[in-house]
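K.L.:
My structure is in final-v5.csv, and what it holds is CSV, C-alpha atoms:
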```csv
chain,number,residue,atom,x,y,z
A,1,MET,CA,46.1,-20.6,-36.2
A,2,PHE,CA,42.9,-20.0,-34.2
A,3,LYS,CA,40.0,-22.6,-34.3
A,4,PHE,CA,36.5,-21.4,-33.7
A,5,ASP,CA,34.2,-23.9,-32.0
A,6,PHE,CA,30.8,-22.8,-33.4
A,7,ALA,CA,29.1,-25.8,-32.0
A,8,SER,CA,30.1,-24.8,-28.5
A,9,SER,CA,29.0,-21.3,-29.0
A,10,THR,CA,25.6,-22.4,-30.3
A,11,GLY,CA,25.2,-24.8,-27.4
A,12,SER,CA,25.9,-22.0,-25.0
A,13,ALA,CA,23.2,-19.8,-26.6
A,14,ASP,CA,20.8,-22.6,-26.5
A,15,HIS,CA,21.4,-23.1,-22.8
A,16,ALA,CA,20.9,-19.4,-22.2
A,17,GLY,CA,17.6,-19.6,-24.1
A,18,ASP,CA,16.5,-22.6,-22.0
A,19,SER,CA,17.4,-20.8,-18.8
A,20,GLU,CA,15.2,-17.8,-19.9
A,21,ASN,CA,12.4,-20.2,-20.8
A,22,ASP,CA,12.7,-21.8,-17.4
A,23,LYS,CA,12.4,-18.5,-15.7
A,24,LYS,CA,9.4,-17.5,-17.7
A,25,ALA,CA,7.7,-20.9,-16.9
A,26,GLU,CA,8.4,-20.5,-13.2
A,27,ALA,CA,7.0,-16.9,-13.2
A,28,ASP,CA,3.9,-18.1,-15.1
A,29,ARG,CA,3.3,-20.8,-12.5
A,30,MET,CA,3.6,-18.3,-9.7
A,31,ILE,CA,1.1,-15.9,-11.4
A,32,ALA,CA,-1.3,-18.8,-12.1
A,33,LYS,CA,-1.3,-19.7,-8.4
A,34,MET,CA,-2.0,-16.1,-7.4
A,35,ALA,CA,-4.8,-15.9,-9.9
A,36,GLU,CA,-6.3,-19.1,-8.5
A,37,ARG,CA,-5.9,-17.7,-5.0
A,38,ALA,CA,-7.7,-14.5,-6.0
A,39,ARG,CA,-10.6,-16.5,-7.5
A,40,MET,CA,-10.9,-18.7,-4.3
A,41,SER,CA,-10.7,-15.8,-1.8
A,42,ALA,CA,-12.9,-13.2,-3.6
A,43,ASN,CA,-16.0,-14.2,-1.7
A,44,SER,CA,-14.3,-14.0,1.7
A,45,CYS,CA,-13.1,-10.5,1.0
A,46,LYS,CA,-15.2,-8.2,3.2
A,47,LEU,CA,-15.9,-4.5,2.6
A,48,LEU,CA,-16.6,-3.0,6.1
A,49,ASN,CA,-19.5,-0.7,6.7
A,50,THR,CA,-18.1,2.5,8.2
A,51,SER,CA,-21.6,4.0,8.8
A,52,SER,CA,-21.9,1.8,11.9
A,53,ALA,CA,-18.5,2.9,13.2
A,54,SER,CA,-18.6,4.3,16.7
A,55,THR,CA,-17.7,7.9,17.0
A,56,ASP,CA,-17.4,7.8,20.8
A,57,LYS,CA,-13.6,7.2,20.7
A,58,VAL,CA,-13.1,10.2,18.5
A,59,LYS,CA,-15.0,12.4,20.9
A,60,SER,CA,-13.5,11.2,24.1
A,61,CYS,CA,-10.1,9.6,23.7
A,62,VAL,CA,-6.7,11.4,23.7
A,63,PRO,CA,-4.8,9.9,20.7
A,64,GLU,CA,-1.1,9.6,20.0
A,65,ARG,CA,0.5,12.1,17.6
A,66,VAL,CA,3.0,11.6,14.8
A,67,ASP,CA,5.2,14.6,13.9
A,68,LEU,CA,5.7,14.6,10.1
A,69,HIS,CA,8.7,17.0,10.3
A,70,SER,CA,6.9,19.3,7.8
A,71,SER,CA,6.6,23.1,7.9
A,72,SER,CA,3.1,23.1,6.3
A,73,ILE,CA,1.6,19.6,6.8
A,74,ASP,CA,0.1,19.0,10.2
A,75,GLY,CA,0.9,15.9,12.2
A,76,LEU,CA,-1.2,12.7,12.1
A,77,HIS,CA,-3.1,11.1,15.0
A,78,TYR,CA,-3.7,7.5,15.9
A,79,TYR,CA,-5.2,5.4,18.7
A,80,PHE,CA,-2.9,3.1,20.6
A,81,LEU,CA,-4.4,-0.1,21.9
A,82,PRO,CA,-2.4,-1.5,24.8
A,83,GLN,CA,-4.6,-4.6,25.0
A,84,HIS,CA,-6.4,-6.5,22.3
A,85,THR,CA,-8.0,-9.9,22.7
A,86,GLU,CA,-5.7,-12.9,22.5
A,87,PHE,CA,-2.8,-11.2,20.7
A,88,SER,CA,-1.8,-8.9,23.6
A,89,GLU,CA,-1.1,-12.1,25.6
A,90,LYS,CA,1.0,-13.9,23.0
A,91,ASN,CA,3.7,-11.2,23.0
A,92,THR,CA,4.1,-11.4,19.2
A,93,ASP,CA,4.0,-9.0,16.3
A,94,LEU,CA,2.9,-11.6,13.8
A,95,ILE,CA,1.1,-14.9,13.4
A,96,PRO,CA,1.3,-15.8,9.7
A,97,GLY,CA,-2.1,-16.5,8.2
A,98,VAL,CA,-3.8,-15.5,11.5
A,99,TYR,CA,-2.7,-12.1,12.6
A,100,GLU,CA,-0.5,-9.9,10.3
A,101,GLY,CA,0.7,-7.3,12.7
A,102,GLY,CA,-1.8,-4.6,12.1
A,103,LEU,CA,-2.1,-3.4,15.7
A,104,LYS,CA,1.5,-2.1,15.7
A,105,VAL,CA,2.6,1.2,14.2
A,106,TRP,CA,5.6,0.1,12.2
A,107,GLU,CA,8.6,2.5,11.8
A,108,CYS,CA,8.6,2.1,8.0
A,109,SER,CA,5.0,3.5,7.9
A,110,LEU,CA,6.2,6.6,9.6
A,111,ASP,CA,9.1,6.9,7.1
A,112,LEU,CA,6.4,6.8,4.4
A,113,CYS,CA,4.2,9.3,6.1
A,114,ARG,CA,7.0,11.8,6.4
A,115,PHE,CA,8.1,11.3,2.8
A,116,LEU,CA,4.5,11.9,1.6
A,117,ALA,CA,4.4,15.1,3.7
A,118,HIS,CA,7.6,16.4,2.1
A,119,ILE,CA,6.1,15.6,-1.3
A,120,MET,CA,3.0,17.6,-0.5
A,121,ASP,CA,4.7,20.6,1.0
A,122,GLU,CA,7.1,20.6,-1.9
A,123,SER,CA,10.2,20.2,0.2
A,124,THR,CA,11.5,17.1,-1.5
A,125,VAL,CA,14.2,16.6,-4.1
A,126,SER,CA,13.5,17.2,-7.8
A,127,ASP,CA,14.5,13.7,-9.0
A,128,CYS,CA,11.2,12.3,-7.6
A,129,GLN,CA,9.1,14.0,-10.2
A,130,ASN,CA,7.1,10.8,-11.1
A,131,VAL,CA,6.2,10.5,-7.4
A,132,ILE,CA,5.4,14.1,-7.0
A,133,GLU,CA,3.0,14.1,-9.9
A,134,ALA,CA,1.4,10.8,-8.9
A,135,VAL,CA,0.8,11.9,-5.3
A,136,ARG,CA,-0.7,15.2,-6.4
A,137,ARG,CA,-3.1,13.3,-8.7
A,138,SER,CA,-4.0,10.9,-6.0
A,139,ILE,CA,-5.4,13.7,-3.7
A,140,GLY,CA,-7.0,15.7,-6.6
A,141,ASN,CA,-10.4,15.3,-8.1
A,142,GLY,CA,-10.7,11.8,-9.6
A,143,GLY,CA,-7.6,10.7,-7.9
A,144,SER,CA,-7.1,7.3,-6.1
A,145,ALA,CA,-4.8,5.6,-3.6
A,146,PHE,CA,-4.6,2.1,-2.3
A,147,GLU,CA,-2.7,1.0,0.9
A,148,LEU,CA,-1.8,-2.7,1.1
A,149,GLY,CA,-1.6,-4.3,4.5
A,150,CYS,CA,-2.5,-1.0,6.0
A,151,GLY,CA,-2.8,-1.8,9.8
A,152,HIS,CA,-3.2,1.6,11.4
A,153,GLY,CA,-3.3,3.0,7.9
A,154,LEU,CA,-1.5,6.3,8.6
A,155,PRO,CA,0.0,6.9,5.1
A,156,ALA,CA,-3.5,6.4,3.5
A,157,CYS,CA,-5.0,8.5,6.3
A,158,LEU,CA,-2.7,11.3,5.4
A,159,LEU,CA,-3.7,11.2,1.7
A,160,LEU,CA,-7.4,11.1,2.7
A,161,ARG,CA,-7.0,14.0,5.1
A,162,GLU,CA,-5.2,16.1,2.5
A,163,SER,CA,-7.9,15.4,-0.1
A,164,VAL,CA,-10.5,16.7,2.4
A,165,ARG,CA,-8.4,19.8,3.1
A,166,ARG,CA,-8.4,20.4,-0.7
A,167,HIS,CA,-12.2,19.7,-1.1
A,168,THR,CA,-11.6,17.1,-3.7
A,169,ASP,CA,-13.3,13.8,-4.3
A,170,SER,CA,-10.4,11.4,-4.5
A,171,VAL,CA,-10.8,7.8,-3.3
A,172,VAL,CA,-8.7,5.9,-0.8
A,173,VAL,CA,-8.8,2.1,-0.3
A,174,PHE,CA,-7.5,0.6,3.0
A,175,SER,CA,-6.8,-3.1,3.0
A,176,ASP,CA,-5.8,-5.4,5.8
A,177,PHE,CA,-5.8,-9.2,6.4
A,178,ASN,CA,-7.7,-8.8,9.7
A,179,ASP,CA,-11.2,-7.3,9.9
A,180,PHE,CA,-10.8,-6.5,13.6
A,181,VAL,CA,-7.7,-4.3,12.8
A,182,LEU,CA,-9.8,-2.3,10.3
A,183,ARG,CA,-12.7,-2.0,12.7
A,184,ASP,CA,-10.7,-1.2,15.9
A,185,VAL,CA,-7.8,1.0,14.6
A,186,THR,CA,-7.9,1.8,10.9
A,187,ILE,CA,-11.5,3.2,10.7
A,188,PRO,CA,-11.2,5.2,13.9
A,189,ASN,CA,-7.8,6.6,12.8
A,190,ALA,CA,-9.2,7.6,9.4
A,191,LEU,CA,-12.2,9.2,11.1
A,192,LEU,CA,-10.0,11.0,13.6
A,193,ASN,CA,-7.7,12.5,11.0
A,194,VAL,CA,-10.6,13.7,8.8
A,195,VAL,CA,-12.2,15.2,11.9
A,196,CYS,CA,-9.1,17.1,12.7
A,197,SER,CA,-9.0,18.5,9.2
A,198,LEU,CA,-12.7,19.5,9.3
A,199,TYR,CA,-12.3,21.1,12.7
A,200,SER,CA,-9.7,23.4,11.2
A,201,GLN,CA,-12.2,24.4,8.5
A,202,GLN,CA,-15.5,24.4,10.4
A,203,ASP,CA,-14.9,24.5,14.1
A,204,ASN,CA,-18.4,23.2,15.1
A,205,ASP,CA,-19.9,20.2,16.7
A,206,SER,CA,-21.1,18.6,13.4
A,207,VAL,CA,-17.7,17.7,12.2
A,208,VAL,CA,-17.8,14.1,13.4
A,209,ASP,CA,-20.9,13.4,11.5
A,210,ASP,CA,-19.4,15.2,8.5
A,211,ALA,CA,-16.3,13.1,8.8
A,212,SER,CA,-18.4,9.9,8.8
A,213,GLN,CA,-19.9,11.0,5.5
A,214,VAL,CA,-16.5,11.6,4.0
A,215,LEU,CA,-15.5,8.1,4.8
A,216,LEU,CA,-18.7,6.8,3.1
A,217,ARG,CA,-18.1,9.0,0.0
A,218,GLN,CA,-14.3,8.6,-0.4
A,219,SER,CA,-13.0,5.4,1.3
A,220,ILE,CA,-13.2,1.6,1.2
A,221,PHE,CA,-12.0,-0.6,4.1
A,222,ALA,CA,-11.4,-4.2,2.8
A,223,GLY,CA,-10.6,-7.1,5.0
A,224,GLY,CA,-9.1,-10.5,4.0
A,225,ASP,CA,-6.7,-11.8,1.4
A,226,TRP,CA,-5.4,-9.0,-0.9
A,227,MET,CA,-5.9,-11.4,-3.8
A,228,GLY,CA,-9.6,-11.5,-3.2
A,229,LEU,CA,-9.8,-7.8,-3.2
A,230,SER,CA,-7.7,-7.7,-6.4
A,231,ARG,CA,-10.2,-9.9,-8.1
A,232,LYS,CA,-13.1,-7.7,-7.0
A,233,LEU,CA,-11.4,-4.6,-8.2
A,234,SER,CA,-10.6,-6.2,-11.6
A,235,GLN,CA,-14.3,-7.2,-12.0
A,236,ASN,CA,-15.6,-3.7,-11.0
A,237,GLU,CA,-17.3,-5.1,-7.9
A,238,VAL,CA,-16.0,-2.5,-5.4
A,239,LEU,CA,-18.5,0.4,-5.0
A,240,LEU,CA,-18.1,3.4,-2.6
A,241,PRO,CA,-20.7,2.9,0.2
A,242,ALA,CA,-22.3,6.3,-0.3
A,243,SER,CA,-22.8,5.8,-4.0
A,244,GLN,CA,-24.7,2.6,-4.2
A,245,SER,CA,-27.5,4.2,-6.1
A,246,GLU,CA,-25.1,6.1,-8.4
A,247,LYS,CA,-22.9,3.0,-8.8
A,248,ARG,CA,-19.6,4.8,-8.3
A,249,VAL,CA,-17.2,2.0,-9.0
A,250,VAL,CA,-13.6,2.1,-7.7
A,251,HIS,CA,-11.4,1.8,-10.7
A,252,GLU,CA,-9.0,-1.2,-10.7
A,253,ARG,CA,-5.9,0.9,-11.4
A,254,PHE,CA,-4.6,3.6,-9.0
A,255,ASP,CA,-2.5,6.7,-9.0
A,256,VAL,CA,-0.6,5.6,-5.9
A,257,ILE,CA,-0.2,2.3,-4.1
A,258,LEU,CA,1.3,2.4,-0.6
A,259,ALA,CA,2.9,-0.5,1.2
A,260,SER,CA,4.8,-0.5,4.6
A,261,GLU,CA,6.5,-3.5,5.9
A,262,THR,CA,4.6,-5.8,3.5
A,263,THR,CA,7.9,-7.4,2.3
A,264,TYR,CA,8.9,-9.4,5.3
A,265,THR,CA,9.0,-12.8,3.5
A,266,THR,CA,9.8,-13.9,-0.1
A,267,GLU,CA,6.1,-14.7,-0.6
A,268,SER,CA,4.9,-11.4,0.7
A,269,CYS,CA,7.4,-9.7,-1.6
A,270,GLN,CA,5.8,-11.6,-4.5
A,271,ASP,CA,2.3,-10.7,-3.4
A,272,THR,CA,3.2,-7.0,-3.1
A,273,ALA,CA,4.8,-7.0,-6.6
A,274,TYR,CA,1.8,-8.8,-8.1
A,275,LEU,CA,-0.6,-6.3,-6.7
A,276,MET,CA,1.5,-3.4,-8.0
A,277,SER,CA,1.5,-5.0,-11.5
A,278,GLU,CA,-2.2,-5.6,-11.5
A,279,HIS,CA,-3.3,-2.2,-10.0
A,280,LEU,CA,-0.9,0.6,-10.8
A,281,LYS,CA,-1.8,2.9,-13.7
A,282,VAL,CA,0.5,2.2,-16.6
A,283,ASP,CA,3.3,4.7,-16.9
A,284,ILE,CA,1.9,7.3,-14.6
A,285,GLY,CA,1.0,5.4,-11.4
A,286,VAL,CA,3.6,5.0,-8.6
A,287,GLY,CA,4.0,2.5,-5.9
A,288,LEU,CA,5.8,3.4,-2.7
A,289,VAL,CA,7.2,0.5,-0.7
A,290,ALA,CA,8.6,1.3,2.7
A,291,THR,CA,10.7,-1.7,3.8
A,292,LYS,CA,13.6,-2.8,5.9
A,293,ARG,CA,16.6,-3.7,3.8
A,294,PHE,CA,16.7,-7.2,5.3
A,295,TYR,CA,14.3,-9.3,7.3
A,296,PHE,CA,16.7,-11.8,8.7
A,297,GLY,CA,15.8,-15.4,8.6
A,298,VAL,CA,12.6,-15.0,6.5
A,299,GLY,CA,13.9,-14.0,3.1
A,300,GLY,CA,12.2,-10.6,2.7
A,301,GLY,CA,13.5,-7.1,2.3
A,302,ALA,CA,14.4,-4.5,-0.4
A,303,ASP,CA,16.5,-6.8,-2.6
A,304,ALA,CA,13.9,-9.6,-2.3
A,305,PHE,CA,11.2,-7.2,-3.4
A,306,SER,CA,13.2,-6.1,-6.5
A,307,GLN,CA,13.7,-9.7,-7.4
A,308,ALA,CA,10.0,-10.4,-7.0
A,309,ALA,CA,9.2,-7.5,-9.3
A,310,ASP,CA,11.5,-8.9,-11.9
A,311,LYS,CA,9.9,-12.3,-11.6
A,312,VAL,CA,6.4,-10.9,-11.9
A,313,SER,CA,7.5,-8.9,-14.9
A,314,GLU,CA,8.5,-12.1,-16.6
A,315,SER,CA,4.8,-13.1,-16.7
A,316,GLN,CA,3.4,-9.6,-17.3
A,317,SER,CA,1.2,-8.6,-20.2
A,318,PRO,CA,3.3,-8.2,-23.4
A,319,GLY,CA,5.1,-4.9,-23.4
A,320,LEU,CA,4.8,-4.1,-19.6
A,321,ARG,CA,7.3,-4.5,-16.8
A,322,LEU,CA,7.8,-3.3,-13.2
A,323,VAL,CA,10.7,-0.9,-12.6
A,324,VAL,CA,12.0,-0.5,-9.0
A,325,LYS,CA,14.4,2.1,-7.6
A,326,THR,CA,15.5,3.2,-4.2
A,327,ILE,CA,14.6,6.9,-3.6
A,328,GLN,CA,15.4,7.2,0.2
A,329,SER,CA,17.4,5.2,2.7
A,330,TYR,CA,17.3,5.6,6.5
A,331,ASP,CA,20.4,4.5,8.4
A,332,THR,CA,20.7,5.3,12.1
A,333,GLY,CA,24.0,3.4,12.4
A,334,ASN,CA,22.7,1.1,15.1
A,335,ALA,CA,19.7,-0.7,13.5
A,336,ASN,CA,18.5,-2.3,10.3
A,337,ILE,CA,18.7,0.1,7.3
A,338,ARG,CA,15.3,1.0,6.0
A,339,ASP,CA,14.6,1.8,2.3
A,340,LEU,CA,11.8,3.6,0.4
A,341,LEU,CA,11.3,2.1,-3.0
A,342,GLU,CA,9.6,3.7,-6.0
A,343,VAL,CA,7.7,1.2,-8.2
A,344,ARG,CA,6.3,1.9,-11.7
A,345,LEU,CA,4.5,-0.2,-14.3
A,346,VAL,CA,5.9,0.9,-17.6
A,347,LYS,CA,6.0,-0.1,-21.2
A,348,SER,CA,8.9,-2.4,-21.9
A,349,ASN,CA,10.5,0.0,-24.4
A,350,GLN,CA,11.0,2.7,-21.8
```
Reformat the file's structure so that it appears as structure tokens.
P.N.:
Amino acid sequence: MFKFDFASSTGSADHAGDSENDKKAEADRMIAKMAERARMSANSCKLLNTSSASTDKVKSCVPERVDLHSSSIDGLHYYFLPQHTEFSEKNTDLIPGVYEGGLKVWECSLDLCRFLAHIMDESTVSDCQNVIEAVRRSIGNGGSAFELGCGHGLPACLLLRESVRRHTDSVVVFSDFNDFVLRDVTIPNALLNVVCSLYSQQDNDSVVDDASQVLLRQSIFAGGDWMGLSRKLSQNEVLLPASQSEKRVVHERFDVILASETTYTTESCQDTAYLMSEHLKVDIGVGLVATKRFYFGVGGGADAFSQAADKVSESQSPGLRLVVKTIQSYDTGNANIRDLLEVRLVKSNQ
């Protein structure tokens, strides 16, 4: 005869419920800390004025070129800085909380650029339909894109340049922890790539000035903690520089959010996931996270980001969750595998 221990079964269910409650409480504490960080850092978030950016570099320097391996999308250009203040002497890619690596062109950002080029020249696989539609919206009229921890900002430069080629009014937000990175490499790179696009259309000496106007009309360069920028976006405090009189506010939710190598620690994975949850358009927006599969010794990587997304979802608004899937992997056989992740904010019943 079998005996059924209902008390034991009930106890097990209660324990599972307690475990779920503990996970929810932990996630709520994490989100509360981020929200407080956003409140405290909002005033220190700086929106750089591109109207004062020097155009001499665009006119005189020979930049580096990135081949996008595309039949219809031209390569990108960027400026390489062999020396830069104290960081060139420290022989380091990163000083946490001081310098976040923005002077280096990271290989995952090039993966993301080439993937975006394939999306735009329609040479990608059909199972990325959500991504295809989001990227096309982001470079169309009324479209928007946001690059986290942009550094050189090449993926966002590509979207801005393609918007200019299509004569649309989409908006691109570049963000980096370090103001000097935005000033010395990001803004010049954006200006350079827009200039190249306009030269192909106009072929006259006014294109540099025209490109400067494009940056004023269609781009934001924000320095400081992402959380401060997140709060400004959520409170409708981010205006395009050329639209101060018209009050053209940058909407808090985006068609596309880009992130390259922003997942190198457990904390940075959580920050990236949180920004995706706060600023992706529900159901139709797409985040693209280009990451190494593992960042040895610091806890980051593709799996760590997926876990962070699950944790953020535990504390999301009722009925919403982040969904993460791998859409490309890059394995040379002799280096760390790199992954490209698609992120969506969807209703929980999907």
K.L.:
Any idea what's packed within 12 Å of A:Gln235, counting only C-alpha atoms, ignoring anything in its chain fewer than 2 positions away? Could you give it as a VMD selection string?
P.N.:
chain A and resid 38 to 39 42 228 to 233 237 to 239 249 to 253
K.L.:
For those residues, write C-alpha atoms to a file as a short mmCIF file (atom, residue, chain, number, x, y, z; two decimals), keeping the file's coordinate frame.
P.N.:
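Contents of part-v2.cif, freshly written:
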```cif
data_model
loop_
_atom_site.label_atom_id
_atom_site.label_comp_id
_atom_site.auth_asym_id
_atom_site.auth_seq_id
_atom_site.Cartn_x
_atom_site.Cartn_y
_atom_site.Cartn_z
CA ALA A 38 -7.70 -14.50 -6.00
CA ARG A 39 -10.60 -16.50 -7.50
CA ALA A 42 -12.90 -13.20 -3.60
CA GLY A 228 -9.60 -11.50 -3.20
CA LEU A 229 -9.80 -7.80 -3.20
CA SER A 230 -7.70 -7.70 -6.40
CA ARG A 231 -10.20 -9.90 -8.10
CA LYS A 232 -13.10 -7.70 -7.00
CA LEU A 233 -11.40 -4.60 -8.20
CA GLU A 237 -17.30 -5.10 -7.90
CA VAL A 238 -16.00 -2.50 -5.40
CA LEU A 239 -18.50 0.40 -5.00
CA VAL A 249 -17.20 2.00 -9.00
CA VAL A 250 -13.60 2.10 -7.70
CA HIS A 251 -11.40 1.80 -10.70
CA GLU A 252 -9.00 -1.20 -10.70
CA ARG A 253 -5.90 0.90 -11.40
#
```
K.L.:
With distances taken over all atoms listed in the file, which residue among A:Tyr274, A:Phe305, A:Tyr79, A:Phe177 lies nearest A:Asp225?
P.N.:
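Checking each candidate against A:Asp225, we get A:Phe177 as the closest.
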K.L.:
Please identify all polymer residues within 8 Å of A:Asp121, counting only C-alpha atoms, omitting same-chain residues fewer than 4 positions from it, and present them as a count of residues only.
P.N.:
5
K.L.:
Please compute the atom CA of A:Gln328-atom CA of A:Leu341 distance, one decimal, in Å.
P.N.:
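Between these atoms lies a distance of 7.3 Å.
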K.L.:
Here is a test: counting only C-alpha atoms, which residue of A:Lys311, A:Lys347, A:Arg65, A:Lys104 is nearest to A:Asp283?
P.N.:
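Under the stated criterion, the closest residue is A:Lys347.
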K.L.:
Please list as a list in words every residue within 8 Å of A:Leu345, counting all atoms listed in the file and excluding residues in the same chain fewer than 6 positions away.
P.N.:
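Contacts, with the query itself left out: Met276, Ser277, Leu280, Lys281, Val282, Asp283, Ile284, Gly285, Val286, Leu320, Arg321, Leu322 and Val323 of chain A.
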K.L.:
Can you work out which one of A:Arg37, A:His152, A:Arg114, A:Arg136 has the shortest atom-to-atom distance to A:Pro188, counting all atoms listed in the file?
P.N.:
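Selected residue with least distance to A:Pro188: A:His152.
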K.L.:
For atom CA of A:Glu64 and atom CA of A:Ser197, determine how far apart the two atoms are, in Å to one decimal place.
P.N.:
16.1 Å
K.L.:
At a cut-off of 12 Å, using only C-alpha atoms, what residues contact A:Met34? Leave out same-chain residues fewer than 2 positions from it and give the result as a VMD selection string.
P.N.:
chain A and resid 27 to 32 36 to 42 225 to 228 230 to 231 267 to 268 270 to 275 278 312 315
K.L.:
Out of A:Gly223, A:Cys113, A:Glu107, A:Tyr78, which residue has the shortest atom-to-atom distance to A:Val194 when counting all atoms listed in the file?
P.N.:
A:Tyr78
